[in-house]
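Undergrad: Provided herewith is a single structure, encoded as structure tokens, for subsequent inquiry.
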Amino acid sequence: MPEAEAIRLAQQGDAAAFERLYRLHNRRVYSLCLRMVSNTAEAEDLTQEAFLQLFRKIATFRGESAFSTWLHRLAVNVVLMKLRKKSGNESSLEELTEPDEDSGGPRRDFGGPDLRLSGSIDRVNLQRAVDQLPPGYKSVFVLHDVQGYEHNEIAEIMDCSIGNSKSQLHKARMRLRELLHEALRAQAREERKAASADSGGKD
Amino acid sequence: MATITCREVLAHLEPWMEGERPLDLQAHLRTCAHCSSVVNDLESIHTEASSWSAAEQDAPERVWTSLRAQLEQEGLIRDAIPAHEDAAKAQAPRAGWFSSLFPRLPRPVLAGAYLAALVAVAFALSGPVNKRVNEARWLKGTQVSTSPLSAQLDFDEQNSNSYVTRANPAVTASLHQNLALVDKYIALCEKSVNEEPQNEVARDYLYEAYQQKADLLTQMTERGENVQ
């Protein structure tokens with residue numbers, strides 16, 4: 001059943017059409033949620049909630065935007081609302097994408113030790129760094145760099161301008177670089193500590 | 001020779017990552033190890049993140065099961081369709097599907113089949129509970145093990161009906177009444193298990209309900225065969 005037909009039938013409450021739409025899109029939505037919260041149980045709940053909202057509102061879908069964009073918009077909002085509740089933060093979504101520039105700006109990149117990340121980035125340490133991003137940065141980063149959405153689509157999903165999407169993505173990457181450097185330095189410190197403990201023990 | 005400063009490079013990094021390659025920035029990156037290191041890092045982050053999409057997986061089946069139950073509860077869908085039925089079965093009306101089985105029903109020897117099915121399900125249900133390593137595996141096991149039994153009982157019910165009609169009408173009516181009660185009980189138990197799949201008590205009740213139905217169907221078949 002093609003997606004357009006499934007949408008039409010789902011708008012009439014057809015159970016098979018609902019399932020078809022779920023099967024078509026659940027992987028991307030679940031992956032988005034999983035990257036955003038890094039917890040399978042929470043990601044499952046959020047996926048369910050996103051689809052529930054989708055199916056509650058499907059009668060209002062008029063096709064002005066791509067169905068997947070519309071669904072992702074719902075999913076991102078569900079995740080961001082969850083993260084806001086979790087942190088007890090009542091700030092707006094705009095604030096979630098705009099942390100204080102003084103603590104996360106690129107100026108720090110000039111003056112720190114000139115370490116190279118190349119070769120030291122893997123799935124685990126990058127995900128750890130992504131987990132520490134502010135929710136708004138995280139959304140744009142996951143949508144663009146992980147899921148491959150274009151800035152015009154992200155702008156629609158996140159309800160922001162294309163320029164804003166580009167800017168948030170750049171800040172997210174710069175912040176990730178900073179977090180990865182911090183992790184690298186911490187690891188180097190630990191290794192030095194362990195080495196000095198070893199040599200102390202031998203003396 | 002570099003024509004822009006390191007600080008000016010920062011303003012150009014965002015378009016650089018979008019694919020723009022101004023000549024002055026290229027010249028700077030050739031001569032500045034630090035800025036070139038920043039660009040390399042950003043590109044490595046992008047490359048690593050891009051590779052994640054290849055490992056994307058579907059949400060576990062329980063998400064759809066739970067979602068479907070919620071949609072049914074809210075009355076958002078009509079003709080609720082079991083998750084694992086194929087499209088042809090899903091699109092056919094339930095009554096039509098049952099009636100289509102009648103012309104080609106083999107003569108059933110149901111009692112043995114019921115027992116075998118129940119033993120298999122009892123093993124599938126109780127084993128993971130006692131030995132489960134994690135909740136996810138257990139939940140999946142529950143869903144996988146109960147669905148075939150439910151389908152088997154539905155199928156066997158049709159077989160029994162074709163035999164029991166040959167019995168005494170009063171007995172037939174009584175059996176059907178009991179069957180309706182057991183079905184109602186099963187529906188309640190399934191609802192409880194769907195709402196709380198990890199609840200062992202709810203699961204045990206569902207198992208007992210299935211067993212009651214199996215016993216009843218066995219009685220119906222035996223009575224039907226006795227009057228032949």
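Quick note on naming: the chains in the structure tokens go A, B, ... in the order shown, residues restart at 1 in each chain, and ligands are numbered from 1 in order of appearance.
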Hey, list the chain B side of the contact with chain A: 7 Å cut-off, only C-alpha atoms, answer as a PyMOL selection string.
TA: chain B and resi 14+34+37+40-42+44+46+48-50+52-53+56-59+63+67+76-81
Undergrad: Based on the backbone DSSP call, show me all residues of stretch 6-194 of chain A assigned helix (DSSP H, G or I), as a ChimeraX atom specification.
TA: /A:6-10,15-37,40-60,67-87,93-96,101-104,106-109,123-131,135-146,151-158,162-194
Undergrad: Stretch 202-207 of chain B: which residues within 8 Å, counting only C-alpha atoms, same-chain residues fewer than 5 positions away excluded, as an NGL selection string?
TA: :B and (122 or 186 or 189-190 or 192-193 or 196-197)
Undergrad: Quick one, how far is atom CA of A:His151 from atom CA of B:Pro22?
TA: 21.2 Å
Undergrad: Contacts of B:Ala209 at 12 Å or less, counting only C-alpha atoms, minus same-chain residues fewer than 4 places along, as a list in words?
TA: Leu118, Thr146, Leu149, Ser150, Leu153, Leu179, Leu181, Val182, Asp183, Lys184, Tyr185, Ile186, Ala187, Leu188, Cys189, Glu190, Ala202, Arg203, Asp204, Tyr205, Lys213, Ala214, Asp215 and Leu216 of chain B
Undergrad: Kindly save the residues from that selection, with N, CA and C atoms included, as a short mmCIF file (atom, residue, chain, number, x, y, z; two decimals), in the first residue's frame.
TA:
```cif
data_model
loop_
_atom_site.label_atom_id
_atom_site.label_comp_id
_atom_site.auth_asym_id
_atom_site.auth_seq_id
_atom_site.Cartn_x
_atom_site.Cartn_y
_atom_site.Cartn_z
N LEU B 118 -0.76 -26.48 24.80
CA LEU B 118 -0.69 -25.92 26.15
C LEU B 118 0.65 -26.21 26.81
N THR B 146 2.11 -16.20 23.28
CA THR B 146 0.66 -16.22 23.48
C THR B 146 -0.11 -16.06 22.18
N LEU B 149 -1.05 -19.34 20.39
CA LEU B 149 -2.04 -20.10 21.13
C LEU B 149 -3.43 -19.52 20.90
N SER B 150 -3.52 -18.21 21.00
CA SER B 150 -4.80 -17.56 20.80
C SER B 150 -5.34 -17.88 19.41
N LEU B 153 -6.49 -21.52 19.25
CA LEU B 153 -7.78 -21.72 19.92
C LEU B 153 -8.93 -21.23 19.05
N LEU B 179 -18.78 -21.05 26.62
CA LEU B 179 -17.70 -20.57 25.75
C LEU B 179 -17.69 -19.03 25.72
N LEU B 181 -18.68 -17.08 28.05
CA LEU B 181 -18.14 -16.60 29.33
C LEU B 181 -16.60 -16.68 29.36
N VAL B 182 -16.10 -17.80 28.86
CA VAL B 182 -14.63 -17.97 28.85
C VAL B 182 -13.99 -16.95 27.92
N ASP B 183 -14.63 -16.70 26.78
CA ASP B 183 -14.08 -15.71 25.84
C ASP B 183 -14.01 -14.32 26.48
N LYS B 184 -15.06 -14.03 27.24
CA LYS B 184 -15.09 -12.73 27.91
C LYS B 184 -13.94 -12.64 28.93
N TYR B 185 -13.74 -13.73 29.62
CA TYR B 185 -12.67 -13.82 30.62
C TYR B 185 -11.30 -13.66 29.95
N ILE B 186 -11.14 -14.32 28.80
CA ILE B 186 -9.87 -14.22 28.05
C ILE B 186 -9.63 -12.77 27.60
N ALA B 187 -10.70 -12.13 27.12
CA ALA B 187 -10.55 -10.74 26.65
C ALA B 187 -10.07 -9.84 27.79
N LEU B 188 -10.65 -10.05 28.97
CA LEU B 188 -10.24 -9.25 30.13
C LEU B 188 -8.78 -9.50 30.49
N CYS B 189 -8.41 -10.78 30.47
CA CYS B 189 -7.02 -11.14 30.81
C CYS B 189 -6.04 -10.58 29.78
N GLU B 190 -6.41 -10.66 28.50
CA GLU B 190 -5.51 -10.14 27.46
C GLU B 190 -5.34 -8.63 27.62
N ALA B 202 -1.10 -11.36 36.06
CA ALA B 202 -1.99 -11.17 34.91
C ALA B 202 -1.72 -12.24 33.85
N ARG B 203 -0.47 -12.53 33.66
CA ARG B 203 -0.07 -13.51 32.66
C ARG B 203 -0.55 -14.92 33.05
N ASP B 204 -0.43 -15.21 34.36
CA ASP B 204 -0.91 -16.52 34.83
C ASP B 204 -2.42 -16.66 34.63
N TYR B 205 -3.14 -15.57 34.89
CA TYR B 205 -4.60 -15.61 34.69
C TYR B 205 -4.93 -15.86 33.21
N LYS B 213 -10.50 -22.55 28.11
CA LYS B 213 -11.13 -22.61 26.79
C LYS B 213 -10.74 -23.91 26.08
N ALA B 214 -9.48 -24.29 26.23
CA ALA B 214 -9.03 -25.54 25.60
C ALA B 214 -9.82 -26.73 26.14
N ASP B 215 -10.02 -26.75 27.46
CA ASP B 215 -10.79 -27.84 28.08
C ASP B 215 -12.21 -27.88 27.54
N LEU B 216 -12.79 -26.68 27.46
CA LEU B 216 -14.17 -26.59 27.01
C LEU B 216 -14.30 -27.06 25.55
#
```
Undergrad: Which value, in Å to one decimal, gives the distance between atom CA of B:Cys32 and atom CA of A:Ala186?
TA: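 Interatomic distance, atom CA of B:Cys32 to atom CA of A:Ala186: 26.1 Å.
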Undergrad: If we count only C-alpha atoms, what is near A:Arg62 at a cut-off of 12 Å, once residues fewer than 4 positions away on the same chain are taken out, given as number ranges by chain?
TA: A: 4, 7-8, 11, 57-58, 66-67, 70
Undergrad: Keeping only C-alpha atoms, write the selected residues as a PDB file, in the first residue's frame.
TA:
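The file below, again-v3.pdb, is the result:
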```pdb
ATOM      1  CA  ALA A   4      -0.434   8.386   0.148  1.00  0.00           C
ATOM      2  CA  ILE A   7      -2.603   8.254   4.803  1.00  0.00           C
ATOM      3  CA  ARG A   8      -5.988   8.540   3.102  1.00  0.00           C
ATOM      4  CA  GLN A  11      -7.722   9.361   7.991  1.00  0.00           C
ATOM      5  CA  LYS A  57      -4.123  14.363  14.411  1.00  0.00           C
ATOM      6  CA  ILE A  58      -3.924  12.512  11.123  1.00  0.00           C
ATOM      7  CA  ALA A  66       5.986  15.845   3.557  1.00  0.00           C
ATOM      8  CA  PHE A  67       4.363  13.329   5.845  1.00  0.00           C
ATOM      9  CA  TRP A  70       5.276  16.321   9.827  1.00  0.00           C
TER      10      TRP A  70
END
```
Undergrad: Measure the distance from atom CA of B:Met17 to atom CA of A:Ser139 in Å and round it to one decimal.
TA: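 So the two atoms, atom CA of B:Met17 and atom CA of A:Ser139, lie 18.1 Å apart.
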